[in-house]
>>> print(open('upload26.csv').read())   # CSV, C-alpha atoms
chain,number,residue,atom,x,y,z
A,20,MET,CA,-28.1,34.1,-29.7
A,21,SER,CA,-29.1,33.3,-26.1
A,22,GLN,CA,-27.7,30.2,-24.5
A,23,SER,CA,-31.0,29.7,-22.8
A,24,LEU,CA,-32.6,28.4,-25.9
A,25,THR,CA,-34.7,25.3,-25.2
A,26,ALA,CA,-34.3,22.1,-27.1
A,27,GLU,CA,-37.7,22.7,-28.6
A,28,THR,CA,-36.5,26.1,-30.0
A,29,ASN,CA,-33.3,24.5,-31.3
A,30,ILE,CA,-35.3,21.8,-33.2
A,31,GLN,CA,-36.9,24.6,-35.3
A,32,GLU,CA,-33.4,25.9,-36.1
A,33,ALA,CA,-31.7,22.7,-37.3
A,34,GLY,CA,-29.3,23.8,-40.0
A,35,ALA,CA,-30.6,27.3,-39.9
A,36,ARG,CA,-27.2,28.9,-39.4
A,37,TYR,CA,-25.8,27.0,-42.4
A,38,GLN,CA,-28.7,28.2,-44.5
A,39,ALA,CA,-28.2,31.8,-43.4
A,40,ALA,CA,-24.4,31.6,-44.0
A,41,PHE,CA,-24.7,30.1,-47.5
A,42,ALA,CA,-27.4,32.6,-48.4
A,43,ALA,CA,-25.3,35.5,-47.2
A,44,LEU,CA,-22.3,34.2,-49.2
A,45,LYS,CA,-24.4,33.9,-52.3
A,46,GLU,CA,-25.4,37.5,-52.0
A,47,LYS,CA,-21.8,38.5,-51.9
A,48,ASN,CA,-20.8,36.1,-54.8
A,49,GLU,CA,-18.5,34.2,-52.4
A,50,LYS,CA,-18.2,30.6,-51.3
A,51,ALA,CA,-17.5,29.2,-47.8
A,52,PHE,CA,-14.1,28.6,-46.2
A,53,ILE,CA,-14.3,26.3,-43.2
A,54,PRO,CA,-11.2,25.6,-41.1
A,55,PHE,CA,-10.9,22.6,-38.8
A,56,VAL,CA,-9.0,22.5,-35.5
A,57,MET,CA,-9.0,20.0,-32.6
A,58,ILE,CA,-10.7,21.5,-29.5
A,59,GLY,CA,-8.2,21.7,-26.7
A,60,ASP,CA,-5.1,21.9,-28.9
A,61,PRO,CA,-2.5,22.9,-27.7
A,62,ASN,CA,-4.3,23.5,-24.4
A,63,ALA,CA,-7.8,24.7,-23.4
A,64,GLU,CA,-6.9,28.4,-23.0
A,65,GLN,CA,-4.9,28.8,-26.3
A,66,SER,CA,-7.5,26.6,-28.1
A,67,PHE,CA,-10.2,29.2,-27.5
A,68,GLU,CA,-7.8,32.0,-28.7
A,69,VAL,CA,-7.1,29.9,-31.9
A,70,ILE,CA,-10.8,29.4,-32.6
A,71,LYS,CA,-11.4,33.1,-32.1
A,72,SER,CA,-8.6,33.9,-34.6
A,73,LEU,CA,-10.3,31.6,-37.1
A,74,ILE,CA,-13.5,33.5,-36.7
A,75,ASP,CA,-11.9,37.0,-36.7
A,76,SER,CA,-9.9,36.2,-39.8
A,77,GLY,CA,-12.8,35.3,-42.0
A,78,ALA,CA,-13.9,31.7,-41.4
A,79,ASP,CA,-17.5,31.3,-42.6
A,80,ALA,CA,-18.1,28.2,-40.4
A,81,LEU,CA,-16.2,26.0,-38.1
A,82,GLU,CA,-15.4,22.3,-38.1
A,83,LEU,CA,-14.1,21.2,-34.7
A,84,GLY,CA,-12.8,17.9,-33.4
A,85,ILE,CA,-13.1,16.3,-30.0
A,86,PRO,CA,-9.8,14.6,-29.0
A,87,PHE,CA,-9.9,10.8,-29.5
A,88,SER,CA,-7.2,8.2,-29.0
A,89,ASP,CA,-7.8,6.3,-32.3
A,90,PRO,CA,-8.9,8.7,-35.0
A,91,SER,CA,-9.0,6.3,-37.9
A,92,ALA,CA,-9.8,8.9,-40.7
A,93,ASP,CA,-7.0,11.3,-39.7
A,94,GLY,CA,-3.4,11.5,-40.8
A,95,LEU,CA,-0.5,12.2,-38.5
A,96,THR,CA,-1.0,16.0,-38.2
A,97,ILE,CA,-4.5,15.7,-36.7
A,98,GLN,CA,-3.5,12.6,-34.7
A,99,HIS,CA,-0.8,14.6,-33.1
A,100,ALA,CA,-3.3,17.4,-32.3
A,101,ALA,CA,-5.5,14.9,-30.6
A,102,MET,CA,-2.6,13.5,-28.6
A,103,ARG,CA,-1.5,17.0,-27.5
A,104,ALA,CA,-5.1,17.8,-26.3
A,105,LEU,CA,-5.4,14.5,-24.5
A,106,GLY,CA,-2.0,15.1,-22.9
A,107,LYS,CA,-3.4,18.3,-21.5
A,108,GLY,CA,-6.3,16.5,-19.9
A,109,ILE,CA,-8.9,17.7,-22.4
A,110,THR,CA,-12.2,15.7,-22.1
A,111,PRO,CA,-15.5,16.0,-23.8
A,112,ASP,CA,-16.7,18.1,-20.9
A,113,THR,CA,-13.8,20.5,-21.4
A,114,CYS,CA,-14.8,20.6,-25.1
A,115,ILE,CA,-18.4,21.5,-24.2
A,116,ASP,CA,-17.1,24.4,-22.0
A,117,ILE,CA,-15.0,25.7,-24.9
A,118,LEU,CA,-17.9,25.3,-27.4
A,119,LYS,CA,-20.1,27.4,-25.1
A,120,GLN,CA,-17.5,30.1,-25.1
A,121,VAL,CA,-17.2,30.0,-28.9
A,122,ARG,CA,-21.0,30.2,-29.3
A,123,GLU,CA,-21.2,33.2,-26.9
A,124,TYR,CA,-18.3,34.9,-28.8
A,125,ALA,CA,-19.9,34.3,-32.3
A,126,PRO,CA,-23.6,33.8,-32.0
A,127,GLN,CA,-24.3,33.3,-35.7
A,128,ILE,CA,-21.4,31.3,-37.0
A,129,PRO,CA,-22.2,27.6,-37.9
A,130,ILE,CA,-20.3,25.2,-35.6
A,131,GLY,CA,-19.9,21.6,-36.7
A,132,LEU,CA,-18.2,18.7,-35.0
A,133,LEU,CA,-16.2,16.0,-36.8
A,134,LEU,CA,-15.6,13.1,-34.4
A,135,TYR,CA,-15.8,9.3,-33.8
A,136,GLY,CA,-18.6,7.1,-32.7
A,137,ASN,CA,-17.0,5.9,-29.5
A,138,LEU,CA,-17.2,9.4,-28.1
A,139,VAL,CA,-20.9,9.5,-28.7
A,140,PHE,CA,-21.5,6.0,-27.3
A,141,ALA,CA,-19.5,6.8,-24.2
A,142,ARG,CA,-21.8,9.7,-23.3
A,143,GLY,CA,-24.9,8.0,-24.5
A,144,ILE,CA,-26.4,8.9,-27.9
A,145,ASP,CA,-29.3,10.9,-26.6
A,146,THR,CA,-27.2,12.7,-23.9
A,147,PHE,CA,-24.5,13.5,-26.3
A,148,TYR,CA,-26.7,15.3,-28.7
A,149,LYS,CA,-28.7,17.0,-26.0
A,150,ASP,CA,-25.4,18.3,-24.5
A,151,MET,CA,-24.0,19.5,-27.8
A,152,ALA,CA,-27.3,21.3,-28.7
A,153,ALA,CA,-27.1,23.1,-25.3
A,154,ALA,CA,-23.5,24.1,-26.2
A,155,GLY,CA,-24.6,25.7,-29.5
A,156,VAL,CA,-23.4,23.0,-31.9
A,157,ASP,CA,-25.1,23.1,-35.4
A,158,SER,CA,-24.0,19.8,-37.0
A,159,VAL,CA,-22.3,16.5,-36.2
A,160,LEU,CA,-20.4,14.3,-38.6
A,161,ILE,CA,-19.3,10.9,-37.2
A,162,ALA,CA,-16.5,9.8,-39.4
A,163,ASP,CA,-16.6,6.0,-38.6
A,164,VAL,CA,-20.4,5.5,-38.6
A,165,PRO,CA,-21.7,4.4,-42.1
A,166,ILE,CA,-25.1,5.3,-43.3
A,167,ARG,CA,-26.4,1.8,-42.7
A,168,GLU,CA,-25.8,2.2,-39.0
A,169,SER,CA,-26.6,5.9,-38.7
A,170,GLU,CA,-30.3,5.8,-37.8
A,171,PRO,CA,-30.0,6.2,-33.9
A,172,PHE,CA,-27.5,9.0,-34.4
A,173,LYS,CA,-29.6,10.8,-37.0
A,174,ALA,CA,-32.7,10.5,-34.9
A,175,ALA,CA,-31.1,11.9,-31.8
A,176,ALA,CA,-29.5,14.7,-33.8
A,177,LEU,CA,-32.8,15.8,-35.3
A,178,LYS,CA,-34.5,15.5,-31.9
A,179,TYR,CA,-32.2,18.2,-30.5
A,180,GLY,CA,-32.0,20.4,-33.6
A,181,ILE,CA,-28.6,19.3,-34.8
A,182,ALA,CA,-27.9,18.7,-38.5
A,183,PRO,CA,-26.5,15.2,-39.2
A,184,ILE,CA,-23.7,15.4,-41.8
A,185,PHE,CA,-22.9,12.5,-44.1
A,186,ILE,CA,-19.9,11.9,-46.4
A,187,ALA,CA,-20.0,11.5,-50.2
A,188,PRO,CA,-16.9,9.5,-50.9
A,189,PRO,CA,-15.2,9.4,-54.3
A,190,ASN,CA,-16.2,5.8,-54.9
A,191,ALA,CA,-19.8,6.3,-54.0
A,192,ASN,CA,-22.4,4.5,-56.1
A,193,ASP,CA,-25.7,6.0,-57.0
A,194,ASP,CA,-27.6,4.5,-54.1
A,195,THR,CA,-25.1,5.9,-51.6
A,196,LEU,CA,-25.3,9.4,-53.2
A,197,ARG,CA,-29.1,9.2,-53.0
A,198,ALA,CA,-28.9,8.3,-49.3
A,199,VAL,CA,-26.4,11.0,-48.5
A,200,SER,CA,-28.5,13.6,-50.3
A,201,SER,CA,-31.6,12.5,-48.4
A,202,LEU,CA,-30.0,12.3,-45.0
A,203,SER,CA,-27.5,15.2,-44.8
A,204,ARG,CA,-28.6,18.6,-43.4
A,205,GLY,CA,-26.6,21.8,-43.3
A,206,TYR,CA,-24.1,20.8,-45.8
A,207,THR,CA,-22.8,17.6,-47.5
A,208,TYR,CA,-19.1,16.6,-46.9
A,209,VAL,CA,-17.6,15.7,-50.3
A,210,LEU,CA,-14.2,13.9,-50.1
A,211,SER,CA,-11.7,15.2,-52.6
A,212,ARG,CA,-10.1,11.8,-52.6
A,213,ALA,CA,-9.8,8.5,-50.7
A,214,GLY,CA,-7.5,8.0,-47.8
A,215,VAL,CA,-6.9,10.0,-44.6
A,216,THR,CA,-6.5,13.6,-43.9
A,217,GLY,CA,-3.4,15.5,-44.8
A,218,VAL,CA,-1.9,13.0,-47.2
A,219,ASP,CA,-1.1,13.6,-50.9
A,220,THR,CA,-1.2,10.6,-53.2
A,221,PRO,CA,0.1,10.1,-56.8
A,222,GLU,CA,-3.6,10.2,-57.9
A,223,THR,CA,-4.2,13.5,-56.2
A,224,PRO,CA,-1.0,15.6,-56.2
A,225,LYS,CA,-0.8,19.0,-54.6
A,226,ASN,CA,-2.9,21.8,-56.0
A,227,THR,CA,-5.5,19.5,-57.6
A,228,VAL,CA,-8.9,18.2,-56.7
A,229,SER,CA,-9.8,14.7,-57.9
A,230,SER,CA,-11.8,14.7,-61.1
A,231,THR,CA,-14.4,12.6,-59.4
A,232,ALA,CA,-15.4,15.6,-57.3
A,233,ASN,CA,-17.1,17.2,-60.3
A,234,GLN,CA,-19.2,14.1,-60.9
A,235,LEU,CA,-20.0,13.6,-57.2
A,236,ILE,CA,-21.2,17.2,-56.9
A,237,GLU,CA,-23.3,17.0,-60.1
A,238,SER,CA,-25.0,13.9,-58.8
A,239,LEU,CA,-25.6,15.5,-55.4
A,240,ASN,CA,-27.1,18.6,-57.0
A,241,ASN,CA,-29.4,16.4,-59.1
A,242,TYR,CA,-30.6,14.8,-55.8
A,243,ASN,CA,-31.1,18.2,-54.1
A,244,ALA,CA,-28.5,17.5,-51.5
A,245,ALA,CA,-27.4,20.0,-48.9
A,246,PRO,CA,-24.7,22.4,-50.1
A,247,PRO,CA,-21.6,20.4,-51.2
A,248,VAL,CA,-18.4,21.2,-49.4
A,249,ILE,CA,-15.1,19.6,-50.3
A,250,GLY,CA,-12.6,18.4,-47.7
A,251,PHE,CA,-9.4,16.3,-47.4
A,252,GLY,CA,-6.2,17.6,-48.8
A,253,ILE,CA,-7.2,21.2,-49.0
A,254,SER,CA,-4.1,23.1,-47.9
A,255,THR,CA,-3.5,26.0,-50.3
A,256,PRO,CA,-5.6,28.9,-51.8
A,257,GLN,CA,-5.2,27.2,-55.2
A,258,GLN,CA,-6.7,24.0,-53.8
A,259,VAL,CA,-9.6,26.1,-52.5
A,260,LYS,CA,-10.2,27.5,-55.9
A,261,ASP,CA,-10.0,24.0,-57.5
A,262,ALA,CA,-12.6,22.8,-55.1
A,263,LEU,CA,-14.9,25.6,-55.9
A,264,ASN,CA,-14.3,25.2,-59.6
A,265,ALA,CA,-15.5,21.6,-59.2
A,266,GLY,CA,-18.8,23.0,-58.2
A,267,ALA,CA,-18.5,23.0,-54.4
A,268,LEU,CA,-20.0,25.8,-52.4
A,269,GLY,CA,-17.2,25.6,-49.8
A,270,ALA,CA,-13.9,24.1,-48.9
A,271,ILE,CA,-12.7,22.6,-45.6
A,272,SER,CA,-9.1,22.7,-44.5
A,273,GLY,CA,-7.9,20.7,-41.5
A,274,SER,CA,-4.4,19.4,-41.5
A,275,ALA,CA,-2.9,22.6,-42.9
A,276,VAL,CA,-4.7,24.7,-40.3
A,277,VAL,CA,-3.6,22.3,-37.5
A,278,LYS,CA,0.0,22.5,-38.8
A,279,VAL,CA,0.1,26.2,-38.0
A,280,ILE,CA,-0.5,25.2,-34.4
A,281,GLU,CA,2.1,22.5,-34.5
A,282,ASN,CA,4.7,24.7,-35.9
A,283,ASN,CA,4.3,27.4,-33.2
A,284,LEU,CA,3.9,25.4,-30.0
A,285,ASN,CA,6.5,27.5,-28.2
A,286,ASP,CA,5.1,30.9,-29.3
A,287,ASN,CA,1.4,31.5,-28.8
A,288,LYS,CA,1.5,35.0,-30.2
A,289,LYS,CA,3.2,33.9,-33.4
A,290,MET,CA,0.7,31.0,-33.6
A,291,LEU,CA,-2.2,33.4,-33.7
A,292,THR,CA,-0.5,35.8,-36.1
A,293,GLU,CA,0.4,33.1,-38.6
A,294,MET,CA,-3.1,31.5,-38.2
A,295,SER,CA,-4.8,34.8,-39.0
A,296,GLN,CA,-2.8,35.3,-42.2
A,297,PHE,CA,-3.3,31.7,-43.3
A,298,ILE,CA,-7.1,31.9,-42.8
A,299,HIS,CA,-7.2,35.3,-44.5
A,300,ASP,CA,-5.4,33.9,-47.5
A,301,MET,CA,-7.6,30.8,-47.8
A,302,LYS,CA,-10.8,32.8,-47.4
A,303,ALA,CA,-9.6,35.2,-50.1
A,304,ALA,CA,-9.6,32.3,-52.6
A,305,THR,CA,-13.4,32.0,-52.1
A,306,LYS,CA,-14.1,35.4,-53.5
A,307,ALA,CA,-14.9,35.9,-57.2
>>> encode(input="upload26.csv", output="structure tokens")
Amino acid sequence: MSQSLTAETNIQEAGARYQAAFAALKEKNEKAFIPFVMIGDPNAEQSFEVIKSLIDSGADALELGIPFSDPSADGLTIQHAAMRALGKGITPDTCIDILKQVREYAPQIPIGLLLYGNLVFARGIDTFYKDMAAAGVDSVLIADVPIRESEPFKAAALKYGIAPIFIAPPNANDDTLRAVSSLSRGYTYVLSRAGVTGVDTPETPKNTVSSTANQLIESLNNYNAAPPVIGFGISTPQQVKDALNAGALGAISGSAVVKVIENNLNDNKKMLTEMSQFIHDMKAATKA
């Protein structure tokens, strides 16, 4: 898709790549696998190679982070990724440059951002969404902005044709689920459990998805929410299958993907080889 698209054209396409992706997966009797990495980790050049590997190995959509010094929703693995990127001088402008490269490389893949409100405020809400739309971004989830404070972000997102994404937490009451269903576009981010990324708890041991996920997804479907996608704690093919068996139309894996980068910081080639295999195995779990 041409990078010369105007904001007006983009407005008509808000969430369109997600709709096309989920429709194509339904035709193939598959669900979505969506990996997360931090843009700029371990450096700008290798980051682009990593993201290309995600795409080439079967990712159905991308969730990407912009490095931030105080990522309150992230566990140590993703915190370390942000610190590595910041240590290499990665800025939001660097991230925009990489995003433009990714969009040129893969015109149809949905690209989502998961980031923090200070990054949006620092650029200016309107300018942030305008710039991200120009870079080819499809959705934005701001992890530390609750629904009650989301109106200016949602308005700017829709102005520039970007789908606002909201989280359905495991302790959500009915009013919250109704609001999430009403406001989210593209997909709905369902938390598999409480806490931060990449941490197993006694309540949610490895290879399981919290039983509340089934109830959350049932409620979201009743309220005609955007496709539910489960994230947090998804690190194995079995956990992908568990997420899909709970009714999700996709699974997001972050810390486990980022760990492949962390484990191969001294060998770029091995990093890409292991990443490709990991993504292939996780994607295979989405196929009936």
>>> closest_residue(input="upload26.csv", among="A:Lys71, A:Lys173, A:Arg142, A:Lys178", to="Ala125 (chain A)", atoms="all atoms listed in the file")
A:Lys71
>>> atom_distance(input="upload26.csv", atom1="CA of Ser158 (chain A)", atom2="CA of Phe55 (chain A)")
13.5 Å
>>> atom_distance(input="upload26.csv", atom1="CA of Leu235 (chain A)", atom2="CA of Gly205 (chain A)")
17.4 Å
>>> closest_atom_pairs(input="upload26.csv", of="region 67-127 of chain A", to="region 285-292 of chain A", cutoff="10 Å", atoms="all atoms listed in the file", output="tab-separated table")
residue	atom	partner	partner_atom	distance
A:Glu68	CA	A:Leu291	CA	7.6
A:Val69	CA	A:Leu291	CA	6.3
A:Ile70	CA	A:Leu291	CA	9.5
A:Lys71	CA	A:Leu291	CA	9.3
A:Ser72	CA	A:Leu291	CA	6.5
A:Leu73	CA	A:Leu291	CA	9.0
>>> closest_residue(input="upload26.csv", among="A:Tyr242, A:Glu64, A:Gly250, A:Ala40", to="Leu133 (chain A)", atoms="all atoms listed in the file")
A:Gly250
